[in-house]
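Below is one structure; the comments refer to it alone.
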Amino acid sequence: MRLRQLTLQDFRNVALAKLDLRGRQTFLLGPNGQGKTNLLEAAGFITALRSFRTTDGRVLIAREQREAALACTVEHEQLGETRLTIRLKPEGRELWCDETKVTRLADHLGKFPTVVFSSQDMNLVRGAPTGRRRWLDLTLSAMDAGYLRTLQTYHRALAERNSLLKAAATDAELDAFEQTMAPAAADLVSRRRAGLRELGGRMEALYARLAEDAEPVALRYAPSFDATTAPVWVERWREGRGRDRQFRSTLSGPHRDDFAFLHRQLAAGDFASEGQQRSLVLALRVAQAEWFQACSGVRPVLLADDVLGELDPARRRRFWAAVDPESQVIATGTEPPAANLGEWQVFAVTAGAFTEEATS
């Protein structure tokens, strides 16, 4: 898949921008805080109508504006030239594909894959479980509408159960919501385990190509409670009701899952060097791109947000060697890309405005 044209209106600090993208490599050049990442955020939004930076869609709309819009023309392996238009409003979002309104997100998922490489990815190794869960949910939902449906079912039931716990509801009332939650919880655990197994296997192979050391690495799933059948979950929540009532919240369930990066069978966040951690998250993102292509049959667009400049020359060379040479890359940075990385179409970015620079 290739993005051939991208238009933004009132998207964060971008009042209006229209970029015609030529070739395989595009570079957005400028100081921090000018809008480079905002354009990558818009490009990545087409995958699952989710931002990789925030869960609050309202902040994507420019200040004092009632709505934002983005549109793109995509050169697609399966669909041919396709036009996507997305309108963002405080109350929600609307999507059109070739002027036909898409009313079910499930009909859109998996068709337009993008993968973001960000300097914030280090938080996947070092940060809190919330960030890892969000990455996992976005990644699996992008390729699996069934996963998204299960996730939504679980969280709706979880919200109701927590409300009942706060209202000192009876056991019979809690039973009703737990019967809905349990199949969803069991399905989430199964799908997450399978997804992490697939991604972890790909990451392990890619790490060997990206890192200086050849030490074994892995992803380890750490579920809040390890059960893949609904009756076991029902019993788990029934046994924990006393504590849940005390805290007025559901203390066990997939909403508290986590996973860990292992390096030499030890927690990478505690024992791996910064260079090893950086290689791990790069390997995970390349693995994600490979997995997206395997699932969808569509080559993802790679969005590299100010990460290449942080790599030492050797790791940068290994990164480019590991990336699919046919994938479109849109990258950002405060310094121009190195000459040995091939030809780039460069846009200078200033205060939300994008100006194409002349090629030398």
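Just so we're on the same page: first chain in the structure tokens is A, next is B, and so on; residues restart at 1 for each chain, and ligands are numbered from 1 in the order they show up.
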Run DSSP on the backbone of this structure and report the residues of region 123-348 of chain A it assigns to helix (DSSP H, G or I), as a PyMOL selection string.
chain A and resi 123-126+129-143+145-166+171-210+230-239+241-247+254-256+268-271+274-296+308-310+313-322+339-341
Go ahead and write the selection's residues with C-alpha atoms as a CSV table (one decimal), in the first residue's frame.
```csv
chain,number,residue,atom,x,y,z
A,123,ASN,CA,7.8,3.0,27.2
A,124,LEU,CA,6.6,-0.4,26.0
A,125,VAL,CA,9.7,-1.8,27.7
A,126,ARG,CA,10.0,0.6,30.7
A,129,PRO,CA,1.1,-1.9,31.9
A,130,THR,CA,-1.6,0.4,30.6
A,131,GLY,CA,0.6,1.5,27.6
A,132,ARG,CA,1.4,-2.1,26.7
A,133,ARG,CA,-2.2,-3.2,26.9
A,134,ARG,CA,-3.3,-0.3,24.7
A,135,TRP,CA,-0.6,-1.2,22.1
A,136,LEU,CA,-1.7,-4.8,22.2
A,137,ASP,CA,-5.3,-4.0,21.8
A,138,LEU,CA,-4.7,-1.6,19.0
A,139,THR,CA,-2.5,-4.1,17.2
A,140,LEU,CA,-4.8,-7.1,17.5
A,141,SER,CA,-7.9,-5.0,16.8
A,142,ALA,CA,-6.4,-3.6,13.6
A,143,MET,CA,-6.3,-7.0,12.0
A,145,ALA,CA,-12.7,-7.4,14.0
A,146,GLY,CA,-13.6,-10.3,16.3
A,147,TYR,CA,-11.1,-9.2,18.8
A,148,LEU,CA,-12.4,-5.7,18.8
A,149,ARG,CA,-16.0,-6.9,19.3
A,150,THR,CA,-14.9,-9.1,22.2
A,151,LEU,CA,-12.9,-6.3,23.7
A,152,GLN,CA,-15.9,-3.9,23.5
A,153,THR,CA,-18.3,-6.5,25.0
A,154,TYR,CA,-15.9,-7.1,27.9
A,155,HIS,CA,-15.4,-3.4,28.7
A,156,ARG,CA,-19.1,-2.6,28.5
A,157,ALA,CA,-19.9,-5.5,31.0
A,158,LEU,CA,-16.9,-4.5,33.1
A,159,ALA,CA,-18.2,-0.9,33.4
A,160,GLU,CA,-21.7,-2.2,34.5
A,161,ARG,CA,-20.2,-4.6,37.0
A,162,ASN,CA,-18.1,-1.8,38.5
A,163,SER,CA,-21.2,0.4,38.7
A,164,LEU,CA,-23.0,-2.4,40.5
A,165,LEU,CA,-20.1,-2.8,43.0
A,166,LYS,CA,-20.3,0.9,43.8
A,171,ASP,CA,-25.2,-11.3,44.1
A,172,ALA,CA,-28.0,-12.0,41.6
A,173,GLU,CA,-27.4,-8.7,39.8
A,174,LEU,CA,-23.6,-9.3,39.7
A,175,ASP,CA,-24.3,-12.8,38.3
A,176,ALA,CA,-26.0,-11.4,35.3
A,177,PHE,CA,-23.1,-9.3,34.2
A,178,GLU,CA,-20.5,-11.9,35.0
A,179,GLN,CA,-22.3,-14.3,32.6
A,180,THR,CA,-21.7,-11.8,29.8
A,181,MET,CA,-18.2,-10.9,30.9
A,182,ALA,CA,-16.9,-14.5,31.3
A,183,PRO,CA,-16.9,-15.7,27.6
A,184,ALA,CA,-15.4,-12.3,26.5
A,185,ALA,CA,-12.6,-12.6,29.2
A,186,ALA,CA,-11.8,-16.2,28.1
A,187,ASP,CA,-11.7,-15.2,24.5
A,188,LEU,CA,-9.5,-12.2,25.1
A,189,VAL,CA,-7.0,-14.3,27.0
A,190,SER,CA,-6.9,-16.9,24.2
A,191,ARG,CA,-6.5,-14.2,21.4
A,192,ARG,CA,-3.9,-12.3,23.3
A,193,ARG,CA,-1.8,-15.4,24.0
A,194,ALA,CA,-1.9,-16.4,20.3
A,195,GLY,CA,-1.1,-12.9,19.1
A,196,LEU,CA,1.8,-12.4,21.4
A,197,ARG,CA,3.1,-15.9,20.5
A,198,GLU,CA,3.1,-14.9,16.8
A,199,LEU,CA,4.5,-11.4,17.3
A,200,GLY,CA,7.1,-12.7,19.8
A,201,GLY,CA,8.4,-15.3,17.3
A,202,ARG,CA,8.8,-12.7,14.6
A,203,MET,CA,10.4,-10.3,17.1
A,204,GLU,CA,13.0,-12.9,18.2
A,205,ALA,CA,14.1,-13.5,14.6
A,206,LEU,CA,14.3,-9.8,13.8
A,207,TYR,CA,16.2,-8.9,17.0
A,208,ALA,CA,19.0,-11.2,15.9
A,209,ARG,CA,19.3,-9.0,12.8
A,210,LEU,CA,19.0,-5.6,14.6
A,230,ALA,CA,-16.0,-19.0,30.8
A,231,PRO,CA,-17.0,-21.1,33.9
A,232,VAL,CA,-13.5,-20.6,35.4
A,233,TRP,CA,-13.9,-16.8,35.1
A,234,VAL,CA,-17.4,-16.9,36.6
A,235,GLU,CA,-16.0,-18.8,39.6
A,236,ARG,CA,-13.0,-16.4,39.9
A,237,TRP,CA,-15.3,-13.3,40.1
A,238,ARG,CA,-17.7,-15.0,42.5
A,239,GLU,CA,-14.8,-15.9,44.9
A,241,ARG,CA,-16.6,-10.5,45.3
A,242,GLY,CA,-15.8,-9.7,48.9
A,243,ARG,CA,-12.6,-7.9,48.0
A,244,ASP,CA,-14.1,-6.3,44.9
A,245,ARG,CA,-17.0,-4.9,47.0
A,246,GLN,CA,-14.4,-3.5,49.5
A,247,PHE,CA,-12.5,-1.7,46.7
A,254,PRO,CA,-8.1,-9.0,31.2
A,255,HIS,CA,-8.3,-5.2,31.9
A,256,ARG,CA,-5.4,-5.8,34.2
A,268,ALA,CA,14.4,-6.4,29.7
A,269,GLY,CA,13.1,-3.3,31.5
A,270,ASP,CA,15.3,-4.1,34.5
A,271,PHE,CA,18.3,-5.9,33.1
A,274,GLU,CA,19.3,1.0,26.6
A,275,GLY,CA,20.7,-0.2,23.3
A,276,GLN,CA,19.3,-3.6,23.8
A,277,GLN,CA,15.9,-2.2,24.8
A,278,ARG,CA,15.9,0.1,21.7
A,279,SER,CA,16.6,-2.9,19.5
A,280,LEU,CA,13.8,-4.8,21.1
A,281,VAL,CA,11.1,-2.2,20.4
A,282,LEU,CA,12.4,-1.8,16.8
A,283,ALA,CA,12.2,-5.5,16.3
A,284,LEU,CA,8.7,-5.6,17.7
A,285,ARG,CA,7.5,-2.8,15.3
A,286,VAL,CA,9.1,-4.5,12.3
A,287,ALA,CA,7.5,-7.8,13.5
A,288,GLN,CA,4.1,-5.9,13.7
A,289,ALA,CA,4.6,-4.8,10.1
A,290,GLU,CA,5.4,-8.3,8.9
A,291,TRP,CA,2.4,-9.7,10.8
A,292,PHE,CA,0.0,-7.0,9.4
A,293,GLN,CA,1.1,-8.0,5.9
A,294,ALA,CA,0.7,-11.7,6.6
A,295,CYS,CA,-2.8,-11.1,8.0
A,296,SER,CA,-4.1,-8.6,5.4
A,308,LEU,CA,16.2,7.2,13.1
A,309,GLY,CA,18.2,10.1,14.5
A,310,GLU,CA,18.5,8.4,17.9
A,313,PRO,CA,25.2,4.3,12.6
A,314,ALA,CA,25.5,0.5,13.0
A,315,ARG,CA,22.0,0.0,14.4
A,316,ARG,CA,20.6,2.4,11.7
A,317,ARG,CA,22.1,0.3,9.0
A,318,ARG,CA,20.7,-2.9,10.5
A,319,PHE,CA,17.3,-1.3,10.8
A,320,TRP,CA,17.1,-0.4,7.2
A,321,ALA,CA,18.3,-3.9,6.2
A,322,ALA,CA,15.5,-5.4,8.3
A,339,ALA,CA,22.6,10.6,2.0
A,340,ASN,CA,23.3,6.9,2.1
A,341,LEU,CA,19.6,6.2,2.8
```
With only C-alpha atoms counted and 12 Å as the cut-off, give the residues of region 238-312 of chain A in contact with region 42-64 of chain A, each with its shortest interatomic distance in Å and the pair that gives it, as JSON lines.
```
{"residue": "A:Phe292", "atom": "CA", "partner": "A:Thr47", "partner_atom": "CA", "distance": 10.7}
{"residue": "A:Ser296", "atom": "CA", "partner": "A:Thr47", "partner_atom": "CA", "distance": 11.6}
{"residue": "A:Val298", "atom": "CA", "partner": "A:Thr47", "partner_atom": "CA", "distance": 11.7}
{"residue": "A:Pro300", "atom": "CA", "partner": "A:Thr47", "partner_atom": "CA", "distance": 9.5}
{"residue": "A:Val301", "atom": "CA", "partner": "A:Gly44", "partner_atom": "CA", "distance": 8.6}
{"residue": "A:Leu302", "atom": "CA", "partner": "A:Gly44", "partner_atom": "CA", "distance": 9.0}
{"residue": "A:Leu303", "atom": "CA", "partner": "A:Gly44", "partner_atom": "CA", "distance": 7.5}
{"residue": "A:Ala304", "atom": "CA", "partner": "A:Gly44", "partner_atom": "CA", "distance": 10.8}
{"residue": "A:Asp305", "atom": "CA", "partner": "A:Phe52", "partner_atom": "CA", "distance": 11.2}
```
Please dump the current selection as a JSON list (two decimals), in the first residue's frame; keep C-alpha atoms.
```json
[["chain", "number", "residue", "atom", "x", "y", "z"],
["A", 292, "PHE", "CA", 0.03, -7.03, 9.39],
["A", 296, "SER", "CA", -4.09, -8.64, 5.39],
["A", 298, "VAL", "CA", -1.35, -5.59, 2.20],
["A", 300, "PRO", "CA", 1.88, -1.53, 5.59],
["A", 301, "VAL", "CA", 3.04, 2.06, 5.36],
["A", 302, "LEU", "CA", 5.81, 2.66, 7.91],
["A", 303, "LEU", "CA", 5.61, 5.89, 9.93],
["A", 304, "ALA", "CA", 8.92, 6.67, 11.66],
["A", 305, "ASP", "CA", 8.53, 9.49, 14.17]]
```
Report as a count of residues only: the residues of region 50-242 of chain A with a DSSP assignment of strand (DSSP E), based on the backbone of this structure.
39
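Pairwise distance (CA of Asp20 (chain A), CA of Gly333 (chain A)) equals 19.2 Å.
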Interatomic distance between CA of Arg83 (chain A) and CA of Cys97 (chain A)?
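Value for the CA of Arg83 (chain A)-CA of Cys97 (chain A) distance: 5.8 Å.
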